[in-house]
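Participant: Shown below is the structure under consideration.
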Amino acid sequence: QAVQMRGHEIGNHTFTHPCSLNIQLEWNRPHNLLYWTLDQVQADILAAQRRLDAAFPNQGENTFAYPCYESTVGRGRRRVSYTPFIAEHFVAGRHKGELLGDHANDPQHCDIHHLSSWAVERQPGALMVGLVEQAAALGRWMVFTFHGIDEGHLLVGAGDFTQLVGYL
């Protein structure tokens, strides 16, 4: 709550982190999007949102980050996007894009509920700064996804993060 009170958004990332990665492993067995329905993923997102609304009642609108960057449920002919649901409930949604500044989001044409974001784990600060410069030169939005700073298995080094923030 202290972080939110300092102006940071506490966004929705689902309650159970459903994910497929096109595999079936023990950790994702009960929450594999390949075997889920739209109703299941919507219920999971709303369960998380109820908790967020209770914990942060003054936050107002917030954004959504797709778990494992996946925005569909089902497989084959039954595979469907849940992006329209995100558009109904959130001001924006973050997905995954190519780690190239020239592929950054074009504010005139992007789907704000399926924005490209770049997973920058283990990336050097100079690369992130370069991507920001490239996107800015094109008049585009660069969205980075950070899973951890100096901790976790998808981390960015504190020095690299500090270099990016210092540049910004």
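Each chain of the structure tokens is named A, B, ... in the order shown, its residues numbered from 1; ligands are numbered from 1 in display order.
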Give me, as an MDAnalysis selection string, all polymer residues having an atom no more than 10 Å from A:Gln4, counting only C-alpha atoms and skipping those fewer than 5 positions away in the same chain.
Facilitator: chainID A and resid 9:10 56 58:59
Participant: So, counting only C-alpha atoms, which residue among A:Asn12, A:Thr37, A:Thr162, A:Ser116 is closest to A:Thr63?
Facilitator: A:Asn12
Participant: From the set A:His147, A:Arg78, A:Arg6, A:His103, which residue has the shortest atom-to-atom contact distance to A:Trp36, counting only C-alpha atoms?
Facilitator: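 The answer is A:Arg78, which sits nearest to A:Trp36.
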Participant: Neighbouring residues of A:Leu34 were defined as those with any atom within 6 Å, considering only C-alpha atoms; residues of the same chain fewer than 3 positions away were excluded. Please report them as a CSV table (one decimal) with N, CA, C and O atoms, in the first residue's frame.
Facilitator:
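Listing of result.csv after writing:
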```csv
chain,number,residue,atom,x,y,z
A,20,SER,N,0.6,-21.5,-20.4
A,20,SER,CA,0.8,-22.8,-21.1
A,20,SER,C,2.2,-23.0,-21.5
A,20,SER,O,2.8,-24.0,-21.4
A,73,VAL,N,-6.8,-18.8,-24.8
A,73,VAL,CA,-7.1,-20.0,-24.1
A,73,VAL,C,-7.6,-21.0,-25.1
A,73,VAL,O,-8.0,-20.7,-26.2
A,74,GLY,N,-7.4,-22.3,-24.7
A,74,GLY,CA,-7.8,-23.4,-25.7
A,74,GLY,C,-6.7,-23.7,-26.6
A,74,GLY,O,-5.6,-23.2,-26.6
A,75,ARG,N,-7.0,-24.6,-27.5
A,75,ARG,CA,-6.0,-25.0,-28.5
A,75,ARG,C,-6.7,-25.4,-29.8
A,75,ARG,O,-7.9,-25.7,-29.8
```
